[in-house]
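Pasting model.txt here (compact mmCIF, C-alpha atoms and all ligand atoms):
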# COMPACT_ATOMS: atom_id res chain seq x y z
CA MET W 1 -13.36 -7.06 -2.46
CA GLU W 2 -11.67 -10.31 -3.22
CA VAL W 3 -8.57 -11.38 -1.30
CA ILE W 4 -6.02 -12.55 -3.89
CA MET W 5 -3.01 -12.88 -1.65
CA LYS W 6 -3.14 -13.97 1.95
CA LEU W 7 -0.16 -14.01 4.31
CA VAL W 8 -0.50 -15.95 7.53
CA ASP W 9 2.14 -15.51 10.26
CA VAL W 10 4.95 -15.19 7.70
CA LYS W 11 8.52 -15.19 9.03
CA LYS W 12 11.94 -14.71 7.51
CA TYR W 13 15.03 -14.78 9.71
CA PHE W 14 18.53 -14.18 8.37
CA PRO W 15 21.56 -15.61 10.15
CA ALA W 16 23.63 -12.80 11.67
CA GLY W 17 26.78 -14.70 12.60
CA ALA W 18 27.56 -16.52 15.82
CA GLY W 19 26.46 -15.17 19.22
CA ILE W 20 28.66 -13.92 22.02
CA LEU W 21 31.50 -16.40 22.67
CA GLY W 22 30.11 -18.44 19.80
CA PHE W 23 27.12 -19.72 21.78
CA GLY W 24 23.88 -19.93 19.89
CA ARG W 25 23.12 -18.61 16.48
CA ARG W 26 21.77 -15.11 16.19
CA TYR W 27 19.19 -14.01 13.66
CA VAL W 28 17.90 -10.82 12.15
CA ARG W 29 14.13 -11.13 12.27
CA ALA W 30 13.55 -9.36 8.98
CA VAL W 31 9.91 -10.47 8.81
CA ASP W 32 8.54 -11.65 12.12
CA GLY W 33 5.01 -12.95 11.97
CA VAL W 34 3.18 -10.94 9.33
CA SER W 35 -0.46 -11.71 8.56
CA LEU W 36 -1.90 -9.61 5.78
CA ASP W 37 -4.57 -9.77 3.09
CA ILE W 38 -4.06 -8.16 -0.29
CA TYR W 39 -7.24 -7.33 -2.19
CA GLY W 40 -7.65 -7.52 -5.95
CA GLY W 41 -7.25 -4.15 -7.65
CA GLU W 42 -6.02 -2.25 -4.61
CA VAL W 43 -2.86 -0.22 -4.17
CA LEU W 44 -1.44 -1.32 -0.86
CA ALA W 45 1.43 0.80 0.40
CA LEU W 46 3.97 -0.93 2.61
CA VAL W 47 5.74 1.73 4.63
CA GLY W 48 8.42 1.91 7.27
CA GLU W 49 11.96 3.06 7.98
CA SER W 50 14.94 1.47 6.29
CA GLY W 51 15.61 -2.00 7.69
CA SER W 52 12.02 -2.63 8.82
CA GLY W 53 11.66 -5.65 6.51
CA LYS W 54 9.69 -4.14 3.62
CA SER W 55 11.88 -5.51 0.82
CA THR W 56 12.05 -8.93 2.42
CA LEU W 57 8.26 -9.04 2.69
CA GLY W 58 7.93 -7.75 -0.89
CA LYS W 59 10.19 -10.51 -2.18
CA ILE W 60 8.14 -13.11 -0.33
CA VAL W 61 4.90 -11.76 -1.85
CA ALA W 62 6.59 -11.82 -5.28
CA GLY W 63 7.56 -15.47 -4.74
CA LEU W 64 11.27 -14.60 -4.92
CA LEU W 65 12.10 -15.53 -1.34
CA LYS W 66 10.74 -18.48 0.56
CA PRO W 67 9.62 -17.69 4.11
CA ASP W 68 10.99 -19.71 7.04
CA GLY W 69 7.61 -19.84 8.70
CA GLY W 70 3.96 -19.18 7.98
CA ARG W 71 2.05 -19.53 4.74
CA VAL W 72 1.43 -17.44 1.66
CA PHE W 73 -1.74 -18.13 -0.31
CA TYR W 74 -2.33 -16.91 -3.84
CA ARG W 75 -5.99 -17.30 -4.71
CA GLY W 76 -6.33 -19.92 -2.03
CA GLU W 77 -3.35 -22.05 -3.07
CA ASP W 78 0.02 -22.24 -1.33
CA LEU W 79 2.13 -19.85 -3.42
CA PHE W 80 5.39 -21.70 -2.90
CA LYS W 81 3.86 -24.97 -4.06
CA ILE W 82 2.53 -23.59 -7.35
CA LEU W 83 5.43 -21.32 -8.34
CA ASP W 84 6.78 -23.81 -10.85
CA ARG W 85 3.64 -23.16 -12.89
CA LYS W 86 4.55 -20.58 -15.50
CA ASP W 87 1.12 -18.97 -15.46
CA VAL W 88 1.45 -18.39 -11.71
CA ARG W 89 4.98 -16.98 -11.98
CA HIS W 90 3.80 -14.54 -14.63
CA LYS W 91 0.90 -13.39 -12.47
CA ILE W 92 3.21 -11.89 -9.85
CA GLN W 93 5.97 -9.52 -10.93
CA ALA W 94 8.35 -7.24 -9.09
CA VAL W 95 10.23 -4.05 -9.94
CA PHE W 96 13.01 -2.82 -7.68
CA GLN W 97 14.69 0.44 -6.78
CA ASN W 98 17.70 0.04 -9.00
CA PRO W 99 17.01 -0.82 -12.66
CA ASP W 100 20.74 -1.37 -13.24
CA SER W 101 20.65 -4.49 -11.14
CA SER W 102 17.65 -5.93 -12.99
CA LEU W 103 18.45 -5.06 -16.63
CA ASN W 104 21.14 -6.97 -18.49
CA PRO W 105 23.67 -4.35 -19.69
CA ARG W 106 24.54 -6.46 -22.75
CA HIS W 107 20.97 -6.78 -23.98
CA THR W 108 19.33 -4.09 -26.06
CA ILE W 109 15.95 -2.81 -24.94
CA PHE W 110 14.40 -4.83 -27.78
CA ASP W 111 16.11 -8.01 -26.54
CA THR W 112 14.95 -7.41 -22.97
CA LEU W 113 11.33 -6.63 -23.80
CA SER W 114 10.88 -9.15 -26.61
CA GLU W 115 12.21 -11.92 -24.38
CA ALA W 116 9.61 -11.07 -21.74
CA ILE W 117 6.84 -10.86 -24.35
CA ARG W 118 7.82 -14.26 -25.74
CA ALA W 119 7.84 -15.77 -22.26
CA LYS W 120 4.11 -15.11 -22.30
CA ASN W 121 3.47 -15.58 -26.04
CA PRO W 122 6.15 -17.96 -27.38
CA LYS W 123 4.60 -17.95 -30.85
CA LEU W 124 5.09 -14.25 -31.47
CA GLU W 125 7.82 -13.62 -34.05
CA GLY W 126 9.05 -11.12 -36.60
CA SER W 127 6.89 -8.09 -37.24
CA GLN W 128 4.28 -9.15 -34.69
CA LEU W 129 6.90 -9.37 -31.96
CA LEU W 130 8.36 -6.04 -33.03
CA GLY W 131 4.89 -4.48 -33.05
CA GLU W 132 4.14 -5.72 -29.55
CA THR W 133 7.51 -4.51 -28.27
CA VAL W 134 6.92 -1.06 -29.72
CA ARG W 135 3.41 -0.97 -28.28
CA LEU W 136 4.81 -1.69 -24.82
CA LEU W 137 7.54 0.93 -25.20
CA LYS W 138 5.01 3.56 -26.25
CA LEU W 139 2.76 2.72 -23.32
CA MET W 140 5.72 3.65 -21.14
CA GLY W 141 6.27 6.92 -22.96
CA LEU W 142 9.38 5.63 -24.75
CA SER W 143 9.87 5.47 -28.51
CA GLU W 144 11.10 3.10 -31.22
CA ASP W 145 14.46 4.86 -31.04
CA HIS W 146 15.03 3.13 -27.71
CA LEU W 147 14.79 -0.36 -29.22
CA ILE W 148 18.40 -0.63 -30.32
CA LYS W 149 19.83 1.03 -27.25
CA TYR W 150 21.54 -0.63 -24.31
CA PRO W 151 20.59 0.17 -20.70
CA GLY W 152 23.83 2.14 -20.31
CA GLU W 153 22.62 4.61 -22.94
CA LEU W 154 19.42 5.44 -21.07
CA SER W 155 18.70 7.77 -18.15
CA GLY W 156 17.68 6.34 -14.77
CA GLY W 157 14.03 7.18 -15.40
CA GLU W 158 14.09 5.56 -18.86
CA LYS W 159 15.70 2.41 -17.48
CA GLN W 160 13.08 2.17 -14.76
CA ARG W 161 10.34 2.52 -17.39
CA VAL W 162 11.91 -0.35 -19.31
CA ALA W 163 11.96 -2.43 -16.12
CA ILE W 164 8.26 -1.69 -15.56
CA ALA W 165 7.49 -2.49 -19.21
CA ARG W 166 9.26 -5.82 -18.88
CA ALA W 167 7.26 -6.68 -15.77
CA LEU W 168 4.02 -5.81 -17.58
CA ALA W 169 4.96 -7.80 -20.70
CA VAL W 170 3.80 -11.02 -19.06
CA GLU W 171 0.47 -9.45 -18.04
CA PRO W 172 0.77 -9.82 -14.28
CA GLU W 173 -2.05 -9.58 -11.81
CA ILE W 174 0.08 -8.36 -8.91
CA LEU W 175 2.99 -5.97 -9.19
CA VAL W 176 5.34 -5.50 -6.25
CA ALA W 177 6.98 -2.09 -6.72
CA ASP W 178 9.83 -1.71 -4.25
CA GLU W 179 11.03 1.91 -3.93
CA ILE W 180 10.80 2.21 -7.71
CA VAL W 181 11.23 5.97 -7.81
CA ALA W 182 13.59 6.37 -4.86
CA ALA W 183 16.67 6.47 -7.11
CA ILE W 184 14.98 8.42 -9.91
CA ASP W 185 15.46 12.12 -10.51
CA VAL W 186 12.71 14.07 -8.73
CA SER W 187 11.73 15.81 -11.96
CA VAL W 188 10.63 12.55 -13.63
CA ARG W 189 9.18 10.79 -10.58
CA ALA W 190 5.68 12.15 -11.05
CA HIS W 191 5.73 11.06 -14.68
CA ILE W 192 6.61 7.48 -13.77
CA LEU W 193 4.02 7.35 -10.98
CA ASN W 194 1.31 8.70 -13.29
CA LEU W 195 2.24 6.10 -15.86
CA LEU W 196 2.05 3.40 -13.24
CA MET W 197 -1.42 4.53 -12.18
CA ASP W 198 -2.63 4.54 -15.81
CA LEU W 199 -1.20 1.06 -16.34
CA LYS W 200 -2.83 -0.13 -13.15
CA GLU W 201 -6.24 0.83 -14.58
CA MET W 202 -5.43 -0.58 -18.00
CA TYR W 203 -4.17 -3.94 -16.72
CA LYS W 204 -6.42 -4.08 -13.62
CA LEU W 205 -3.29 -4.50 -11.55
CA THR W 206 -3.02 -5.04 -7.85
CA LEU W 207 -0.09 -3.04 -6.56
CA MET W 208 2.06 -3.57 -3.52
CA PHE W 209 3.83 -0.24 -3.40
CA ILE W 210 6.81 -0.24 -1.08
CA THR W 211 8.14 3.13 -0.02
CA HIS W 212 9.52 5.09 2.90
CA ASP W 213 7.95 8.29 1.52
CA MET W 214 4.56 9.21 3.02
CA GLY W 215 3.97 11.76 0.25
CA LEU W 216 3.97 8.96 -2.34
CA VAL W 217 1.58 6.92 -0.22
CA TRP W 218 -0.90 9.77 -0.23
CA ALA W 219 -0.53 10.22 -3.97
CA ILE W 220 -1.17 6.66 -5.04
CA ALA W 221 -2.27 4.21 -2.35
CA ASP W 222 -5.70 3.06 -1.16
CA ARG W 223 -4.53 1.26 1.93
CA ILE W 224 -1.42 1.37 4.06
CA ALA W 225 0.42 -1.24 6.09
CA ILE W 226 3.07 0.18 8.40
CA MET W 227 6.04 -2.01 9.20
CA TYR W 228 8.36 -1.76 12.17
CA MET W 229 11.08 -4.28 12.96
CA GLY W 230 9.57 -7.09 10.93
CA LYS W 231 6.01 -6.58 12.09
CA ILE W 232 2.98 -4.76 10.81
CA VAL W 233 1.97 -2.25 13.45
CA GLU W 234 -0.98 -0.65 11.67
CA GLU W 235 -3.12 -1.47 8.68
CA SER W 236 -5.74 1.05 7.56
CA PRO W 237 -7.14 2.99 4.60
CA VAL W 238 -4.80 5.86 3.61
CA GLU W 239 -7.15 8.81 4.15
CA GLU W 240 -8.16 7.76 7.64
CA THR W 241 -4.56 6.99 8.53
CA PHE W 242 -3.36 10.41 7.43
CA LYS W 243 -6.14 12.24 9.30
CA ASP W 244 -6.31 10.07 12.36
CA PRO W 245 -3.37 7.68 12.75
CA LEU W 246 -3.80 5.13 15.52
CA HIS W 247 -0.41 3.61 16.27
CA PRO W 248 2.23 5.85 17.92
CA TYR W 249 4.72 4.80 15.23
CA THR W 250 2.33 5.90 12.49
CA LYS W 251 1.98 9.21 14.32
CA MET W 252 5.76 9.49 14.43
CA LEU W 253 6.15 8.77 10.72
CA LEU W 254 3.52 11.35 9.77
CA THR W 255 4.79 14.00 12.17
CA SER W 256 8.33 13.66 10.83
CA SER W 257 7.40 13.55 7.14
CA PRO W 258 7.59 16.91 5.33
CA SER W 259 5.64 15.51 2.38
CA ALA W 260 2.82 14.32 4.66
CA ARG W 261 2.66 17.82 6.17
CA LEU W 262 2.25 19.26 2.71
CA VAL W 263 -0.98 17.34 2.25
CA GLY W 264 -2.29 18.34 5.66
CA ALA W 265 -1.68 15.06 7.47
CA TYR W 266 -1.84 14.63 11.23
CA VAL W 267 0.97 16.31 13.18
CA ASP W 268 1.65 16.06 16.90
CA GLU W 269 5.00 17.25 18.19
CA LYS W 270 4.71 14.81 21.06
CA PHE W 271 5.32 12.09 18.51
CA LYS W 272 8.21 13.66 16.65
CA ALA W 273 10.91 11.16 15.75
CA ARG W 274 13.28 10.26 18.51
CA GLY W 275 16.00 7.64 18.76
CA GLU W 276 16.76 4.86 16.31
CA PRO W 277 15.22 1.42 16.04
CA PRO W 278 16.97 -1.08 18.36
CA SER W 279 19.19 -3.81 16.96
CA PRO W 280 17.10 -6.26 14.91
CA ILE W 281 19.18 -9.10 16.38
CA ASP W 282 18.12 -8.29 19.91
CA PRO W 283 14.63 -6.73 19.69
CA PRO W 284 12.64 -5.67 22.78
CA LYS W 285 10.56 -8.44 24.34
CA GLY W 286 7.18 -6.73 24.33
CA CYS W 287 6.18 -4.10 21.80
CA LYS W 288 9.03 -3.55 19.32
CA PHE W 289 8.38 0.20 19.37
CA VAL W 290 8.59 0.52 23.13
CA THR W 291 12.08 2.09 23.22
CA ARG W 292 10.89 5.07 21.15
CA CYS W 293 7.26 5.35 22.15
CA PRO W 294 6.17 8.47 24.09
CA ILE W 295 3.08 6.75 25.51
CA ALA W 296 4.56 3.38 26.51
CA THR W 297 3.81 2.03 29.96
CA LYS W 298 5.23 -0.88 31.96
CA GLU W 299 3.17 -3.59 30.28
CA CYS W 300 4.42 -2.50 26.83
CA TRP W 301 7.87 -3.81 27.78
CA THR W 302 6.62 -7.31 28.39
CA GLN W 303 3.48 -7.85 26.30
CA GLU W 304 3.48 -8.11 22.52
CA PRO W 305 0.48 -6.26 21.17
CA PRO W 306 -1.47 -8.15 18.48
CA LEU W 307 -3.12 -6.37 15.55
CA LYS W 308 -6.71 -5.82 16.54
CA HIS W 309 -9.70 -4.55 14.65
CA VAL W 310 -10.93 -1.26 16.02
CA SER W 311 -13.31 -0.91 13.07
CA ALA W 312 -14.07 -2.98 9.97
CA ASN W 313 -10.95 -1.89 8.12
CA ARG W 314 -8.57 -0.51 10.73
CA ARG W 315 -6.10 -2.65 12.64
CA PRO W 316 -3.46 -1.15 14.93
CA ALA W 317 -1.18 -3.24 17.15
CA CYS W 318 -0.90 -1.23 20.35
CA LEU W 319 -1.88 -2.02 23.91
CA LYS W 320 -2.86 1.62 24.49
CA ILE W 321 -5.57 1.66 21.82
N1 LIG U 401 19.95 -11.46 2.48
C1 LIG U 401 20.05 -10.97 3.71
N2 LIG U 401 20.95 -11.48 4.60
C2 LIG U 401 21.04 -11.00 5.86
N3 LIG U 401 20.29 -10.00 6.33
C3 LIG U 401 19.38 -9.45 5.51
C4 LIG U 401 19.23 -9.90 4.16
N4 LIG U 401 18.22 -9.15 3.59
C5 LIG U 401 17.80 -8.30 4.54
N5 LIG U 401 18.49 -8.46 5.69
C6 LIG U 401 18.27 -7.72 6.94
O1 LIG U 401 16.90 -7.81 7.25
C7 LIG U 401 16.40 -6.57 7.75
C8 LIG U 401 15.27 -6.09 6.87
O2 LIG U 401 15.81 -5.73 5.60
P1 LIG U 401 14.91 -5.22 4.38
O3 LIG U 401 13.81 -6.20 4.16
O4 LIG U 401 15.82 -4.93 3.25
O5 LIG U 401 14.29 -3.87 4.97
P2 LIG U 401 13.75 -2.55 4.23
O6 LIG U 401 13.43 -2.91 2.81
O7 LIG U 401 12.55 -2.13 5.03
O8 LIG U 401 14.84 -1.53 4.33
C9 LIG U 401 17.59 -5.63 7.82
O9 LIG U 401 18.12 -5.68 9.12
C10 LIG U 401 18.55 -6.23 6.82
O10 LIG U 401 19.87 -5.93 7.15
MG MG U 402 14.08 -2.07 1.03

Show how you would write the structure in this file as structure tokens.
Ligand SMILES: Nc1ncnc2c1ncn2[C@@H]1O[C@H](COP(=O)(O)OP(=O)(O)O)[C@@H](O)[C@H]1O
Ligand SMILES: [Mg+2]
Amino acid sequence: MEVIMKLVDVKKYFPAGAGILGFGRRYVRAVDGVSLDIYGGEVLALVGESGSGKSTLGKIVAGLLKPDGGRVFYRGEDLFKILDRKDVRHKIQAVFQNPDSSLNPRHTIFDTLSEAIRAKNPKLEGSQLLGETVRLLKLMGLSEDHLIKYPGELSGGEKQRVAIARALAVEPEILVADEIVAAIDVSVRAHILNLLMDLKEMYKLTLMFITHDMGLVWAIADRIAIMYMGKIVEESPVEETFKDPLHPYTKMLLTSSPSARLVGAYVDEKFKARGEPPSPIDPPKGCKFVTRCPIATKECWTQEPPLKHVSANRRPACLKI
């Protein structure tokens, strides 16, 4: 498979105010040295607890946030050097958890979608533009009746479908979907996810699917990258990960996920969740997971484990593997 996005040692640190007594600046290492390949046509799930850096990494992949270190390559070119090219910007789209923050409340659904369609096809006007807008709405299971409505008149699920439609209007190649069903009523989640999978086939999309829900990963992803405190701790195909997780943190996530249990994933009570992640401003020196790891030994406190290939497509970052 072709690598269409390549991240090399990507870092993003956010200032976290002055240090003790004002000496030295302190930083939250939201993304702390991530190297990752994204393959054309795959659904890559990015998973981890809240605060692990998933959204920050997603925004970097979407070209919305410039990293402080490392490089991001889109089809071999430095993404942040080619972003001013409209065709490149259109190729990478993002949809976020809360459609209210991304849809303009004063624009009708027609305004929102037709504007996106015209960004890609400036010549479309009148009945052709209307036709294309309706086609997009129908793809998302919405109807013409929605055209003249404002976001405030729609349900959460409908708004999120409009947000997805708008992202697709410019015919992207990569879609970063960041917790897109987390705020949606459970009863319509499956519908939106099914739609997304149909659209993925139709548009030959590559999906970076960000979630904290292992059940969703199982339902839609091909590959999984697990994030902990700004780092990727395991990268593997989904099926193998669910049956035979390698990293202790992956084991913890699966053991403590009711939805993973439902699909018969690995469970080991030894790895049930304990403690909270340490402060991101003052992370452990060695392995970031060391404070919660049931199998950590002395060296884990001092040595940072690199991701290493244990087979062609499995990479855990753990000194004990
Ligand atoms: N704009 C920002 N300014 C300061 N800190 C931020 C900002 N965005 C994210 N962070 C911090 O970076 C860390 C990672 O955040 P985020 O990427 O949102 O994680 P996730 O999506 O996994 O919950 C958190 O500690 C968060 O508080
Ligand atoms: Mg997030």

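Taking all atoms listed in the file, the non-local environment of Leu36 in chain W within 7 Å (same-chain residues fewer than 6 positions away omitted) comprises W:Lys6, W:Leu7, W:Val8.
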
Exercise for review: Show me which residues sit within 9 Å of ligand MG 402 (chain U) when counting all atoms listed in the file, and put them as a PyMOL selection string.
Suggested key: chain W and resi 49-56+58+96-97+178-179+210-212

Convert the current residue selection to file output with C-alpha atoms, as a compact mmCIF listing (two decimals), keeping the file's coordinate frame.
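Output below, filename selection.txt:
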# COMPACT_ATOMS: atom_id res chain seq x y z
CA GLU W 49 11.96 3.06 7.98
CA SER W 50 14.94 1.47 6.29
CA GLY W 51 15.61 -2.00 7.69
CA SER W 52 12.02 -2.63 8.82
CA GLY W 53 11.66 -5.65 6.51
CA LYS W 54 9.69 -4.14 3.62
CA SER W 55 11.88 -5.51 0.82
CA THR W 56 12.05 -8.93 2.42
CA GLY W 58 7.93 -7.75 -0.89
CA PHE W 96 13.01 -2.82 -7.68
CA GLN W 97 14.69 0.44 -6.78
CA ASP W 178 9.83 -1.71 -4.25
CA GLU W 179 11.03 1.91 -3.93
CA ILE W 210 6.81 -0.24 -1.08
CA THR W 211 8.14 3.13 -0.02
CA HIS W 212 9.52 5.09 2.90

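CA of Tyr27 in chain W is found 27.3 Å from CA of Lys308 in chain W.
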
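Interatomic distance, CA of Arg135 in chain W to CA of Leu193 in chain W: 19.2 Å.
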
Review point. If you count all atoms listed in the file, which residues fall within 9 Å of range 278-281 of chain W, apart from same-chain ones fewer than 3 positions away, as JSON, numbers by chain?
Key: {"W": [16, 26, 27, 28, 29, 30, 51, 52, 229, 230, 275, 284, 288, 289, 291]}

Practice item. Tell me, as a VMD selection string, which residues lie within 10 Å of Asp37 in chain W, counting all atoms listed in the file; anything in the same chain fewer than 4 positions away does not count. Key: chain W and resid 2 to 8 44 72 to 73

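For the atom pair formed by CA of Ser236 in chain W and CA of Glu201 in chain W, the distance is 22.1 Å, given to one decimal.
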
Point to revise | W:Leu124, W:Leu103, W:Ile232, W:Leu136 ranked by distance to ligand LIG 401 (chain U), top pick (using all atoms listed in the file) | key: W:Ile232
